[in-house]
>>> print(open('target36.json').read())   # JSON, C-alpha atoms
[["chain", "number", "residue", "atom", "x", "y", "z"],
["A", 1, "MET", "CA", -30.38, 31.26, 13.52],
["A", 2, "SER", "CA", -33.02, 33.42, 15.21],
["A", 3, "PHE", "CA", -30.45, 34.28, 17.85],
["A", 4, "LEU", "CA", -28.00, 35.39, 15.13],
["A", 5, "VAL", "CA", -30.59, 37.60, 13.43],
["A", 6, "ALA", "CA", -31.61, 39.23, 16.72],
["A", 7, "SER", "CA", -27.94, 39.73, 17.61],
["A", 8, "THR", "CA", -27.28, 41.44, 14.27],
["A", 9, "TYR", "CA", -30.12, 43.87, 14.91],
["A", 10, "LEU", "CA", -28.83, 44.33, 18.46],
["A", 11, "ILE", "CA", -25.46, 45.44, 17.06],
["A", 12, "ALA", "CA", -27.24, 47.86, 14.71],
["A", 13, "SER", "CA", -29.14, 49.27, 17.70],
["A", 14, "ILE", "CA", -25.89, 49.78, 19.61],
["A", 15, "ILE", "CA", -24.41, 51.58, 16.57],
["A", 16, "LEU", "CA", -27.47, 53.86, 16.48],
["A", 17, "VAL", "CA", -27.00, 54.66, 20.17],
["A", 18, "VAL", "CA", -23.32, 55.48, 19.57],
["A", 19, "PHE", "CA", -24.21, 57.78, 16.66],
["A", 20, "GLY", "CA", -26.91, 59.43, 18.79],
["A", 21, "LEU", "CA", -24.47, 60.06, 21.62],
["A", 22, "TYR", "CA", -21.91, 61.44, 19.16],
["A", 23, "GLY", "CA", -24.50, 63.82, 17.74],
["A", 24, "LEU", "CA", -25.66, 64.96, 21.18],
["A", 25, "THR", "CA", -22.12, 65.78, 22.28],
["A", 26, "GLN", "CA", -20.56, 67.12, 19.08],
["A", 27, "ILE", "CA", -23.27, 68.78, 16.97],
["A", 28, "LYS", "CA", -24.68, 72.16, 17.96],
["A", 29, "THR", "CA", -27.47, 72.71, 15.43],
["A", 30, "LEU", "CA", -30.87, 72.08, 17.00],
["A", 31, "MET", "CA", -32.23, 70.09, 14.06],
["A", 32, "ARG", "CA", -29.20, 67.78, 14.03],
["A", 33, "LEU", "CA", -29.56, 67.52, 17.79],
["A", 34, "LEU", "CA", -33.15, 66.37, 17.36],
["A", 35, "ILE", "CA", -32.08, 63.81, 14.76],
["A", 36, "SER", "CA", -29.40, 62.56, 17.17],
["A", 37, "LEU", "CA", -32.00, 62.29, 19.92],
["A", 38, "GLU", "CA", -34.27, 60.23, 17.67],
["A", 39, "LEU", "CA", -31.39, 57.95, 16.69],
["A", 40, "LEU", "CA", -30.47, 57.52, 20.36],
["A", 41, "THR", "CA", -34.04, 56.73, 21.43],
["A", 42, "SER", "CA", -34.70, 54.33, 18.57],
["A", 43, "GLY", "CA", -31.39, 52.57, 19.22],
["A", 44, "ALA", "CA", -32.07, 52.25, 22.94],
["A", 45, "LEU", "CA", -35.54, 50.82, 22.34],
["A", 46, "GLY", "CA", -34.06, 48.50, 19.72],
["A", 47, "ILE", "CA", -31.55, 47.25, 22.28],
["A", 48, "LEU", "CA", -34.42, 46.53, 24.67],
["A", 49, "ALA", "CA", -36.55, 44.76, 22.07],
["A", 50, "PHE", "CA", -33.82, 42.75, 20.33],
["A", 51, "LEU", "CA", -32.08, 41.80, 23.57],
["A", 52, "ALA", "CA", -35.36, 40.35, 24.86],
["A", 53, "GLU", "CA", -35.85, 38.60, 21.51],
["A", 54, "SER", "CA", -32.34, 37.15, 21.49],
["A", 55, "ILE", "CA", -32.64, 35.69, 24.99],
["A", 56, "GLY", "CA", -35.99, 34.15, 24.20],
["A", 57, "LEU", "CA", -38.55, 36.56, 25.66],
["A", 58, "HIS", "CA", -40.61, 36.49, 22.47],
["A", 59, "LYS", "CA", -42.93, 39.50, 22.24],
["A", 60, "ALA", "CA", -42.86, 39.89, 26.02],
["A", 61, "ASN", "CA", -41.91, 43.55, 25.86],
["A", 62, "GLU", "CA", -43.72, 44.54, 22.65],
["A", 63, "ASP", "CA", -46.32, 46.62, 24.50],
["A", 64, "LEU", "CA", -43.64, 48.34, 26.59],
["A", 65, "VAL", "CA", -41.60, 49.30, 23.53],
["A", 66, "ALA", "CA", -44.75, 50.52, 21.76],
["A", 67, "ILE", "CA", -45.64, 52.80, 24.69],
["A", 68, "MET", "CA", -42.08, 54.16, 24.83],
["A", 69, "LEU", "CA", -42.15, 54.88, 21.10],
["A", 70, "ALA", "CA", -45.41, 56.79, 21.58],
["A", 71, "ILE", "CA", -43.75, 58.86, 24.34],
["A", 72, "ASP", "CA", -40.84, 59.43, 21.98],
["A", 73, "SER", "CA", -43.14, 60.79, 19.28],
["A", 74, "THR", "CA", -44.68, 63.18, 21.85],
["A", 75, "MET", "CA", -41.19, 64.40, 22.70],
["A", 76, "LEU", "CA", -40.54, 64.93, 19.00],
["A", 77, "VAL", "CA", -43.59, 67.19, 18.73],
["A", 78, "LEU", "CA", -42.52, 69.22, 21.78],
["A", 79, "VAL", "CA", -38.99, 69.74, 20.49],
["A", 80, "VAL", "CA", -40.28, 70.75, 17.05],
["A", 81, "LEU", "CA", -42.53, 73.31, 18.76],
["A", 82, "LEU", "CA", -39.51, 74.64, 20.65],
["A", 83, "LEU", "CA", -37.58, 74.82, 17.39],
["A", 84, "LEU", "CA", -40.40, 76.74, 15.72],
["A", 85, "ILE", "CA", -40.57, 79.21, 18.63],
["A", 86, "MET", "CA", -36.83, 79.74, 18.45],
["A", 87, "LEU", "CA", -37.03, 80.40, 14.74],
["A", 88, "ARG", "CA", -40.11, 82.61, 14.70],
["A", 89, "VAL", "CA", -39.49, 84.70, 17.85],
["A", 90, "PHE", "CA", -35.76, 84.77, 18.44],
["A", 91, "LYS", "CA", -34.43, 84.00, 14.94],
["A", 92, "VAL", "CA", -31.92, 81.68, 16.57],
["A", 93, "TYR", "CA", -30.88, 78.37, 15.06],
["A", 94, "ASP", "CA", -27.70, 77.55, 17.01],
["A", 95, "ILE", "CA", -28.19, 76.16, 20.51],
["A", 96, "ASN", "CA", -25.02, 77.88, 21.70],
["A", 97, "LEU", "CA", -26.79, 81.20, 21.24],
["A", 98, "LEU", "CA", -29.67, 80.17, 23.51],
["A", 99, "SER", "CA", -27.70, 81.11, 26.62],
["A", 100, "THR", "CA", -27.47, 84.69, 25.33],
["A", 101, "LEU", "CA", -31.28, 84.94, 25.40],
["A", 102, "ARG", "CA", -31.38, 85.07, 29.23],
["A", 103, "ARG", "CA", -32.41, 88.41, 30.58],
["B", 104, "MET", "CA", -35.14, 31.54, 10.28],
["B", 105, "SER", "CA", -32.77, 30.67, 7.45],
["B", 106, "TYR", "CA", -29.46, 31.96, 6.11],
["B", 107, "LEU", "CA", -31.44, 34.28, 3.85],
["B", 108, "ASP", "CA", -32.91, 35.93, 6.96],
["B", 109, "PHE", "CA", -29.43, 36.33, 8.41],
["B", 110, "ILE", "CA", -28.16, 37.97, 5.21],
["B", 111, "LEU", "CA", -31.23, 40.21, 5.14],
["B", 112, "SER", "CA", -30.59, 41.25, 8.75],
["B", 113, "ILE", "CA", -26.98, 42.13, 7.89],
["B", 114, "ILE", "CA", -28.09, 44.21, 4.90],
["B", 115, "ILE", "CA", -30.71, 46.09, 6.96],
["B", 116, "SER", "CA", -28.25, 46.67, 9.80],
["B", 117, "VAL", "CA", -25.48, 47.98, 7.52],
["B", 118, "LEU", "CA", -27.82, 50.28, 5.57],
["B", 119, "THR", "CA", -29.34, 51.59, 8.82],
["B", 120, "SER", "CA", -25.91, 52.37, 10.26],
["B", 121, "VAL", "CA", -24.59, 53.98, 7.08],
["B", 122, "LEU", "CA", -27.68, 56.19, 6.69],
["B", 123, "ALA", "CA", -27.54, 57.20, 10.37],
["B", 124, "ALA", "CA", -23.88, 58.19, 10.00],
["B", 125, "TYR", "CA", -24.64, 60.08, 6.80],
["B", 126, "SER", "CA", -27.48, 61.96, 8.49],
["B", 127, "LEU", "CA", -25.06, 63.28, 11.10],
["B", 128, "LEU", "CA", -22.19, 64.06, 8.74],
["B", 129, "SER", "CA", -24.11, 65.61, 5.85],
["B", 130, "LYS", "CA", -23.81, 69.36, 5.41],
["B", 131, "ASP", "CA", -27.29, 69.78, 3.96],
["B", 132, "ASP", "CA", -30.15, 69.84, 6.48],
["B", 133, "LEU", "CA", -32.74, 68.40, 4.12],
["B", 134, "ILE", "CA", -30.48, 65.53, 3.04],
["B", 135, "SER", "CA", -29.66, 64.90, 6.69],
["B", 136, "VAL", "CA", -33.34, 64.69, 7.65],
["B", 137, "ILE", "CA", -34.15, 62.37, 4.76],
["B", 138, "ALA", "CA", -31.20, 60.11, 5.58],
["B", 139, "ALA", "CA", -32.32, 59.91, 9.23],
["B", 140, "GLY", "CA", -35.89, 59.16, 8.19],
["B", 141, "LEU", "CA", -34.75, 56.42, 5.82],
["B", 142, "SER", "CA", -32.48, 55.00, 8.50],
["B", 143, "LEU", "CA", -35.34, 54.74, 10.98],
["B", 144, "THR", "CA", -37.64, 53.34, 8.29],
["B", 145, "LEU", "CA", -35.12, 50.59, 7.58],
["B", 146, "PHE", "CA", -34.77, 50.04, 11.32],
["B", 147, "SER", "CA", -38.54, 49.53, 11.55],
["B", 148, "LEU", "CA", -38.21, 46.74, 8.97],
["B", 149, "ALA", "CA", -36.06, 44.91, 11.52],
["B", 150, "TYR", "CA", -39.04, 44.75, 13.87],
["B", 151, "LEU", "CA", -41.20, 43.42, 11.05],
["B", 152, "HIS", "CA", -38.55, 40.82, 10.26],
["B", 153, "LEU", "CA", -38.71, 39.48, 13.80],
["B", 154, "GLY", "CA", -42.51, 39.50, 13.88],
["B", 155, "LEU", "CA", -42.99, 42.48, 16.23],
["B", 156, "PHE", "CA", -45.73, 43.94, 14.05],
["B", 157, "GLY", "CA", -47.10, 46.56, 16.48],
["B", 158, "VAL", "CA", -43.68, 48.02, 17.18],
["B", 159, "PHE", "CA", -42.96, 48.04, 13.44],
["B", 160, "LEU", "CA", -46.03, 50.16, 12.70],
["B", 161, "ILE", "CA", -45.23, 52.71, 15.41],
["B", 162, "GLN", "CA", -41.55, 52.96, 14.45],
["B", 163, "LEU", "CA", -42.52, 53.38, 10.81],
["B", 164, "ALA", "CA", -44.98, 56.15, 11.68],
["B", 165, "ILE", "CA", -42.30, 57.95, 13.70],
["B", 166, "ALA", "CA", -39.78, 57.63, 10.86],
["B", 167, "ILE", "CA", -42.23, 59.04, 8.34],
["B", 168, "SER", "CA", -43.23, 61.86, 10.68],
["B", 169, "ILE", "CA", -39.55, 62.77, 11.19],
["B", 170, "LEU", "CA", -39.04, 62.69, 7.46],
["B", 171, "VAL", "CA", -41.97, 64.96, 6.70],
["B", 172, "VAL", "CA", -42.09, 67.35, 9.67],
["B", 173, "LEU", "CA", -38.37, 68.02, 9.90],
["B", 174, "GLY", "CA", -38.03, 67.87, 6.11],
["B", 175, "LEU", "CA", -40.63, 70.56, 5.65],
["B", 176, "LEU", "CA", -39.04, 72.61, 8.43],
["B", 177, "SER", "CA", -35.55, 72.33, 6.98],
["B", 178, "SER", "CA", -36.77, 73.09, 3.47],
["B", 179, "THR", "CA", -38.24, 76.37, 4.70],
["B", 180, "LEU", "CA", -34.89, 77.21, 6.28],
["B", 181, "ARG", "CA", -32.89, 76.65, 3.13],
["B", 182, "GLN", "CA", -31.54, 79.71, 1.46],
["B", 183, "ARG", "CA", -31.03, 78.29, -2.01],
["B", 184, "PRO", "CA", -31.37, 74.60, -2.94],
["B", 185, "THR", "CA", -28.46, 73.34, -5.02],
["B", 186, "GLY", "CA", -28.87, 71.15, -8.05],
["B", 187, "ARG", "CA", -26.87, 68.29, -6.63],
["B", 188, "SER", "CA", -28.92, 68.08, -3.44],
["B", 189, "ASN", "CA", -32.08, 68.05, -5.53],
["B", 190, "VAL", "CA", -30.86, 64.90, -7.27],
["B", 191, "TYR", "CA", -30.20, 63.28, -3.88],
["B", 192, "VAL", "CA", -33.65, 64.27, -2.66],
["B", 193, "ILE", "CA", -35.34, 62.81, -5.74],
["B", 194, "ILE", "CA", -33.41, 59.54, -5.42],
["B", 195, "LEU", "CA", -34.20, 59.24, -1.72],
["B", 196, "PHE", "CA", -37.90, 59.94, -2.28],
["B", 197, "ILE", "CA", -38.05, 57.29, -5.02],
["B", 198, "ILE", "CA", -36.37, 54.81, -2.66],
["B", 199, "LEU", "CA", -38.83, 55.72, 0.09],
["B", 200, "ALA", "CA", -41.85, 55.35, -2.19],
["B", 201, "ALA", "CA", -40.59, 51.95, -3.38],
["B", 202, "LEU", "CA", -39.95, 50.93, 0.22],
["B", 203, "LEU", "CA", -43.47, 51.89, 1.28],
["B", 204, "ALA", "CA", -44.93, 50.00, -1.69],
["B", 205, "LEU", "CA", -42.94, 46.93, -0.66],
["B", 206, "ILE", "CA", -44.14, 47.29, 2.92],
["B", 207, "SER", "CA", -47.72, 47.56, 1.71],
["B", 208, "LEU", "CA", -47.32, 44.41, -0.37],
["B", 209, "LYS", "CA", -45.73, 42.62, 2.58],
["B", 210, "ILE", "CA", -48.58, 43.65, 4.87],
["B", 211, "SER", "CA", -51.17, 42.64, 2.29],
["B", 212, "ALA", "CA", -49.48, 39.26, 1.88],
["B", 213, "SER", "CA", -49.21, 38.73, 5.63],
["B", 214, "TYR", "CA", -52.75, 39.82, 6.37],
["B", 215, "ARG", "CA", -54.56, 38.15, 3.48],
["B", 216, "PRO", "CA", -56.73, 36.10, 5.86],
["B", 217, "LEU", "CA", -57.67, 39.29, 7.72],
["B", 218, "ILE", "CA", -58.64, 41.02, 4.48],
["B", 219, "LEU", "CA", -60.78, 38.05, 3.52],
["B", 220, "GLN", "CA", -62.50, 38.30, 6.93],
["B", 221, "PHE", "CA", -62.87, 42.06, 6.79],
["B", 222, "SER", "CA", -66.24, 42.25, 8.56],
["B", 223, "ARG", "CA", -65.06, 40.21, 11.53],
["B", 224, "THR", "CA", -61.68, 41.83, 12.25],
["B", 225, "PRO", "CA", -61.45, 45.41, 13.52],
["B", 226, "THR", "CA", -57.62, 45.17, 13.33],
["B", 227, "ILE", "CA", -57.63, 45.67, 9.58],
["B", 228, "PHE", "CA", -59.40, 49.02, 10.06],
["B", 229, "ALA", "CA", -56.42, 50.40, 12.03],
["B", 230, "LEU", "CA", -54.10, 49.08, 9.31],
["B", 231, "LEU", "CA", -56.07, 50.81, 6.57],
["B", 232, "VAL", "CA", -56.13, 54.08, 8.55],
["B", 233, "LEU", "CA", -52.34, 53.92, 8.93],
["B", 234, "HIS", "CA", -51.92, 53.32, 5.19],
["B", 235, "GLY", "CA", -54.15, 56.29, 4.47],
["B", 236, "PHE", "CA", -52.09, 58.41, 6.83],
["B", 237, "LEU", "CA", -48.86, 57.36, 5.13],
["B", 238, "ILE", "CA", -50.24, 58.11, 1.67],
["B", 239, "VAL", "CA", -51.37, 61.59, 2.78],
["B", 240, "VAL", "CA", -47.97, 62.25, 4.36],
["B", 241, "ILE", "CA", -46.14, 61.18, 1.18],
["B", 242, "ILE", "CA", -48.38, 63.39, -0.97],
["B", 243, "ILE", "CA", -47.74, 66.43, 1.27],
["B", 244, "GLY", "CA", -44.01, 65.71, 1.30],
["B", 245, "LEU", "CA", -43.82, 65.40, -2.49],
["B", 246, "LYS", "CA", -45.84, 68.60, -2.95],
["B", 247, "LYS", "CA", -43.43, 70.47, -0.69],
["B", 248, "LEU", "CA", -40.48, 68.87, -2.43],
["B", 249, "PHE", "CA", -41.62, 70.19, -5.81],
["B", 250, "GLU", "CA", -42.09, 73.62, -4.26],
["B", 251, "VAL", "CA", -38.51, 73.52, -2.98],
["B", 252, "MET", "CA", -37.15, 72.32, -6.32],
["B", 253, "ASN", "CA", -39.06, 74.96, -8.31],
["B", 254, "PRO", "CA", -39.13, 78.08, -6.13]]
>>> encode(input="target36.json", output="C-alpha coordinates")
Amino acid sequence: MSFLVASTYLIASIILVVFGLYGLTQIKTLMRLLISLELLTSGALGILAFLAESIGLHKANEDLVAIMLAIDSTMLVLVVLLLLIMLRVFKVYDINLLSTLRR
Amino acid sequence: MSYLDFILSIIISVLTSVLAAYSLLSKDDLISVIAAGLSLTLFSLAYLHLGLFGVFLIQLAIAISILVVLGLLSSTLRQRPTGRSNVYVIILFIILAALLALISLKISASYRPLILQFSRTPTIFALLVLHGFLIVVIIIGLKKLFEVMNP
(Lines of atoms letter the chains of each structure in order from A and count residues from 1; the text may use other names and numbers.)
(Lines give C-alpha, C1' and ligand atoms only; values in the text may rest on other atoms or scores of the structure.)
Protein backbone atom coordinates (compact mmCIF):
# COMPACT_ATOMS: atom_id res chain seq x y z
CA MET A 1 0.00 0.00 0.00
CA SER A 2 2.92 2.34 0.70
CA PHE A 3 4.07 1.77 -2.86
CA LEU A 4 0.61 2.76 -4.15
CA VAL A 5 0.55 5.96 -2.09
CA ALA A 6 4.05 6.96 -3.22
CA SER A 7 3.11 6.16 -6.82
CA THR A 8 0.02 8.38 -6.60
CA TYR A 9 2.14 11.28 -5.38
CA LEU A 10 4.67 10.48 -8.11
CA ILE A 11 1.93 10.90 -10.74
CA ALA A 12 0.92 14.22 -9.15
CA SER A 13 4.56 15.34 -9.34
CA ILE A 14 4.72 14.43 -13.03
CA ILE A 15 1.51 16.41 -13.64
CA LEU A 16 3.08 19.42 -11.89
CA VAL A 17 6.15 19.13 -14.12
CA VAL A 18 3.94 18.99 -17.22
CA PHE A 19 2.01 22.09 -16.10
CA GLY A 20 5.29 23.87 -15.35
CA LEU A 21 6.66 23.07 -18.79
CA TYR A 22 3.40 24.23 -20.40
CA GLY A 23 3.59 27.51 -18.51
CA LEU A 24 7.25 28.06 -19.41
CA THR A 25 6.59 27.55 -23.10
CA GLN A 26 3.16 29.13 -23.55
CA ILE A 27 2.74 31.95 -21.01
CA LYS A 28 4.56 35.25 -21.49
CA THR A 29 3.72 37.16 -18.31
CA LEU A 30 6.66 37.16 -15.91
CA MET A 31 4.59 36.41 -12.82
CA ARG A 32 2.91 33.41 -14.48
CA LEU A 33 6.36 32.37 -15.67
CA LEU A 34 7.60 32.43 -12.08
CA ILE A 35 4.60 30.38 -10.95
CA SER A 36 5.32 27.87 -13.73
CA LEU A 37 8.95 27.69 -12.62
CA GLU A 38 7.90 26.97 -9.05
CA LEU A 39 5.47 24.27 -10.20
CA LEU A 40 8.21 22.72 -12.35
CA THR A 41 10.78 22.74 -9.54
CA SER A 42 8.39 21.39 -6.92
CA GLY A 43 7.24 18.67 -9.30
CA ALA A 44 10.79 17.66 -10.18
CA LEU A 45 11.81 17.46 -6.52
CA GLY A 46 8.61 15.53 -5.81
CA ILE A 47 9.55 13.03 -8.52
CA LEU A 48 12.95 12.60 -6.87
CA ALA A 49 11.54 12.19 -3.37
CA PHE A 50 8.55 9.98 -4.18
CA LEU A 51 10.48 7.81 -6.63
CA ALA A 52 13.05 7.09 -3.92
CA GLU A 53 10.21 6.42 -1.48
CA SER A 54 8.40 4.08 -3.86
CA ILE A 55 11.48 1.96 -4.54
CA GLY A 56 12.26 1.67 -0.86
CA LEU A 57 14.96 4.28 -0.23
CA HIS A 58 13.15 5.58 2.85
CA LYS A 59 14.30 9.08 3.78
CA ALA A 60 17.61 8.51 2.00
CA ASN A 61 17.32 11.67 -0.06
CA GLU A 62 15.46 13.88 2.43
CA ASP A 63 18.49 16.10 3.06
CA LEU A 64 19.18 16.43 -0.66
CA VAL A 65 15.61 17.48 -1.43
CA ALA A 66 15.67 19.94 1.49
CA ILE A 67 18.84 21.59 0.17
CA MET A 68 17.39 21.81 -3.35
CA LEU A 69 14.22 23.40 -1.98
CA ALA A 70 16.35 25.98 -0.17
CA ILE A 71 18.14 26.77 -3.46
CA ASP A 72 14.73 27.04 -5.10
CA SER A 73 13.58 29.61 -2.55
CA THR A 74 16.76 31.64 -3.21
CA MET A 75 15.94 31.58 -6.92
CA LEU A 76 12.44 32.79 -6.10
CA VAL A 77 13.85 35.81 -4.27
CA LEU A 78 16.18 36.65 -7.18
CA VAL A 79 13.40 36.45 -9.77
CA VAL A 80 11.09 38.58 -7.62
CA LEU A 81 13.88 41.18 -7.39
CA LEU A 82 14.20 41.09 -11.18
CA LEU A 83 10.44 41.51 -11.49
CA LEU A 84 10.48 44.49 -9.14
CA ILE A 85 13.32 46.13 -11.12
CA MET A 86 11.42 45.60 -14.35
CA LEU A 87 8.32 47.17 -12.86
CA ARG A 88 9.95 50.11 -11.09
CA VAL A 89 12.58 51.10 -13.69
CA PHE A 90 11.32 49.97 -17.07
CA LYS A 91 7.56 49.73 -16.42
CA VAL A 92 7.59 46.47 -18.35
CA TYR A 93 5.49 43.47 -17.37
CA ASP A 94 5.62 41.33 -20.54
CA ILE A 95 8.80 39.34 -21.09
CA ASN A 96 8.47 39.74 -24.86
CA LEU A 97 9.19 43.43 -24.40
CA LEU A 98 12.46 42.74 -22.58
CA SER A 99 14.32 42.31 -25.86
CA THR A 100 13.38 45.87 -26.81
CA LEU A 101 15.28 47.17 -23.77
CA ARG A 102 18.69 46.38 -25.33
CA ARG A 103 20.64 49.45 -26.27
CA MET B 1 -0.54 2.39 5.22
CA SER B 2 -4.22 1.60 4.75
CA TYR B 3 -6.86 2.19 2.09
CA LEU B 4 -7.70 5.45 3.84
CA ASP B 5 -4.14 6.64 3.16
CA PHE B 6 -4.51 5.67 -0.49
CA ILE B 7 -7.78 7.61 -0.80
CA LEU B 8 -6.18 10.58 0.97
CA SER B 9 -3.24 10.48 -1.46
CA ILE B 10 -5.64 10.48 -4.42
CA ILE B 11 -7.56 13.46 -3.00
CA ILE B 12 -4.35 15.44 -2.36
CA SER B 13 -2.99 14.59 -5.82
CA VAL B 14 -6.20 15.57 -7.64
CA LEU B 15 -6.59 18.84 -5.71
CA THR B 16 -2.92 19.70 -6.29
CA SER B 17 -3.23 19.10 -10.03
CA VAL B 18 -6.51 21.00 -10.38
CA LEU B 19 -5.19 24.02 -8.46
CA ALA B 20 -1.96 24.02 -10.48
CA ALA B 21 -3.94 23.99 -13.73
CA TYR B 22 -6.23 26.74 -12.45
CA SER B 23 -3.24 28.88 -11.47
CA LEU B 24 -2.00 28.78 -15.06
CA LEU B 25 -5.37 29.26 -16.74
CA SER B 26 -6.85 31.95 -14.50
CA LYS B 27 -7.07 35.45 -15.93
CA ASP B 28 -6.64 37.18 -12.58
CA ASP B 29 -3.06 37.44 -11.28
CA LEU B 30 -4.01 37.40 -7.61
CA ILE B 31 -6.27 34.37 -8.00
CA SER B 32 -3.52 32.66 -9.97
CA VAL B 33 -0.95 33.27 -7.24
CA ILE B 34 -3.28 32.05 -4.51
CA ALA B 35 -4.15 28.92 -6.49
CA ALA B 36 -0.45 28.17 -7.01
CA GLY B 37 0.28 28.73 -3.33
CA LEU B 38 -2.56 26.45 -2.29
CA SER B 39 -1.42 23.84 -4.79
CA LEU B 40 2.10 23.80 -3.36
CA THR B 41 0.72 23.81 0.20
CA LEU B 42 -1.32 20.71 -0.60
CA PHE B 43 1.73 19.19 -2.26
CA SER B 44 3.69 19.73 0.97
CA LEU B 45 1.05 17.68 2.79
CA ALA B 46 2.09 14.76 0.60
CA TYR B 47 5.56 14.88 2.14
CA LEU B 48 4.02 14.95 5.61
CA HIS B 49 1.84 11.97 4.68
CA LEU B 50 4.91 9.91 3.82
CA GLY B 51 6.79 11.00 6.94
CA LEU B 52 9.32 13.32 5.27
CA PHE B 53 8.85 15.99 7.93
CA GLY B 54 11.85 18.21 7.10
CA VAL B 55 10.94 18.43 3.43
CA PHE B 56 7.33 19.15 4.40
CA LEU B 57 8.33 22.16 6.48
CA ILE B 58 10.53 23.65 3.75
CA GLN B 59 7.95 23.07 1.01
CA LEU B 60 5.26 24.62 3.19
CA ALA B 61 7.43 27.68 3.86
CA ILE B 62 8.06 28.09 0.12
CA ALA B 63 4.35 27.77 -0.66
CA ILE B 64 3.44 30.38 1.92
CA SER B 65 6.19 32.72 0.74
CA ILE B 66 4.96 32.40 -2.86
CA LEU B 67 1.44 33.08 -1.69
CA VAL B 68 2.37 36.20 0.23
CA VAL B 69 5.22 37.73 -1.79
CA LEU B 70 3.70 37.25 -5.22
CA GLY B 71 0.21 37.92 -3.86
CA LEU B 72 1.27 41.28 -2.48
CA LEU B 73 3.11 42.05 -5.71
CA SER B 74 0.16 41.16 -7.90
CA SER B 75 -2.27 43.05 -5.69
CA THR B 76 -0.21 46.22 -6.18
CA LEU B 77 -0.36 45.66 -9.94
CA ARG B 78 -4.12 45.34 -10.07
CA GLN B 79 -5.97 48.20 -11.61
CA ARG B 80 -9.37 47.58 -10.06
CA PRO B 81 -10.33 44.48 -8.05
CA THR B 82 -13.64 42.99 -9.14
CA GLY B 83 -16.28 41.82 -6.72
CA ARG B 84 -16.22 38.25 -7.94
CA SER B 85 -12.47 37.85 -7.50
CA ASN B 86 -12.80 39.24 -3.98
CA VAL B 87 -15.16 36.38 -3.12
CA TYR B 88 -12.65 33.88 -4.51
CA VAL B 89 -9.85 35.47 -2.51
CA ILE B 90 -11.86 35.35 0.72
CA ILE B 91 -12.77 31.69 0.17
CA LEU B 92 -9.18 30.74 -0.61
CA PHE B 93 -7.85 32.57 2.44
CA ILE B 94 -10.40 30.82 4.68
CA ILE B 95 -9.34 27.47 3.20
CA LEU B 96 -5.69 28.35 3.76
CA ALA B 97 -6.27 29.41 7.36
CA ALA B 98 -8.19 26.19 8.05
CA LEU B 99 -5.43 24.18 6.38
CA LEU B 100 -2.74 25.82 8.51
CA ALA B 101 -4.80 25.20 11.66
CA LEU B 102 -5.11 21.54 10.69
CA ILE B 103 -1.37 21.34 10.06
CA SER B 104 -0.69 22.90 13.45
CA LEU B 105 -2.97 20.37 15.13
CA LYS B 106 -1.30 17.55 13.22
CA ILE B 107 2.15 18.75 14.25
CA SER B 108 1.05 19.18 17.86
CA ALA B 109 -0.39 15.66 17.85
CA SER B 110 2.71 14.18 16.25
CA TYR B 111 5.13 16.01 18.49
CA ARG B 112 3.34 15.69 21.81
CA PRO B 113 6.29 13.82 23.37
CA LEU B 114 8.62 16.59 22.21
CA ILE B 115 6.40 19.26 23.74
CA LEU B 116 6.33 17.34 27.01
CA GLN B 117 10.16 17.23 26.91
CA PHE B 118 10.52 20.86 25.92
CA SER B 119 13.69 21.56 27.90
CA ARG B 120 15.56 18.62 26.42
CA THR B 121 14.71 18.99 22.72
CA PRO B 122 16.01 21.93 20.69
CA THR B 123 13.99 20.67 17.67
CA ILE B 124 10.76 22.05 19.07
CA PHE B 125 12.31 25.54 19.12
CA ALA B 126 12.72 25.50 15.32
CA LEU B 127 9.13 24.27 15.01
CA LEU B 128 7.81 27.10 17.16
CA VAL B 129 9.84 29.67 15.19
CA LEU B 130 8.35 28.35 11.94
CA HIS B 131 4.83 28.59 13.37
CA GLY B 132 5.51 32.16 14.45
CA PHE B 133 6.77 32.96 10.98
CA LEU B 134 3.66 31.48 9.39
CA ILE B 135 1.35 33.41 11.72
CA VAL B 136 3.15 36.69 10.92
CA VAL B 137 2.96 35.96 7.20
CA ILE B 138 -0.78 35.22 7.39
CA ILE B 139 -1.42 38.43 9.35
CA ILE B 140 0.50 40.52 6.78
CA GLY B 141 -1.32 38.79 3.92
CA LEU B 142 -4.75 39.36 5.47
CA LYS B 143 -3.93 43.02 6.18
CA LYS B 144 -2.94 43.52 2.55
CA LEU B 145 -6.01 41.62 1.40
CA PHE B 146 -8.31 43.99 3.29
CA GLU B 147 -6.44 46.93 1.78
CA VAL B 148 -7.04 45.52 -1.70
CA MET B 149 -10.71 44.82 -0.99
CA ASN B 150 -11.32 48.30 0.47
CA PRO B 151 -9.12 50.69 -1.52
>>> interface_residues(input="target36.json", of="chain B", to="chain A", cutoff="9 Å", atoms="only C-alpha atoms", output="PyMOL selection string")
chain B and resi 104-106+108-113+115-117+119-120+123-124+126-127+132+135-136+139-140+142-143+146+149-150+153-159+161-162+165+168-169+172-173+176-177
>>> atom_distance(input="target36.json", atom1="CA of Leu37 (chain A)", atom2="CA of Val79 (chain A)")
10.2 Å
>>> axis_aligned_box(input="target36.json", around="region 5-16 of chain A", padding_each_side="6 Å", output="AutoDock Vina command-line options")
--center_x -28.0 --center_y 45.7 --center_z 16.5 --size_x 19.2 --size_y 28.3 --size_z 18.2
>>> atom_distance(input="target36.json", atom1="CA of Leu170 (chain B)", atom2="CA of Ala138 (chain B)")
8.5 Å
>>> atom_distance(input="target36.json", atom1="CA of His152 (chain B)", atom2="CA of Leu107 (chain B)")
11.6 Å
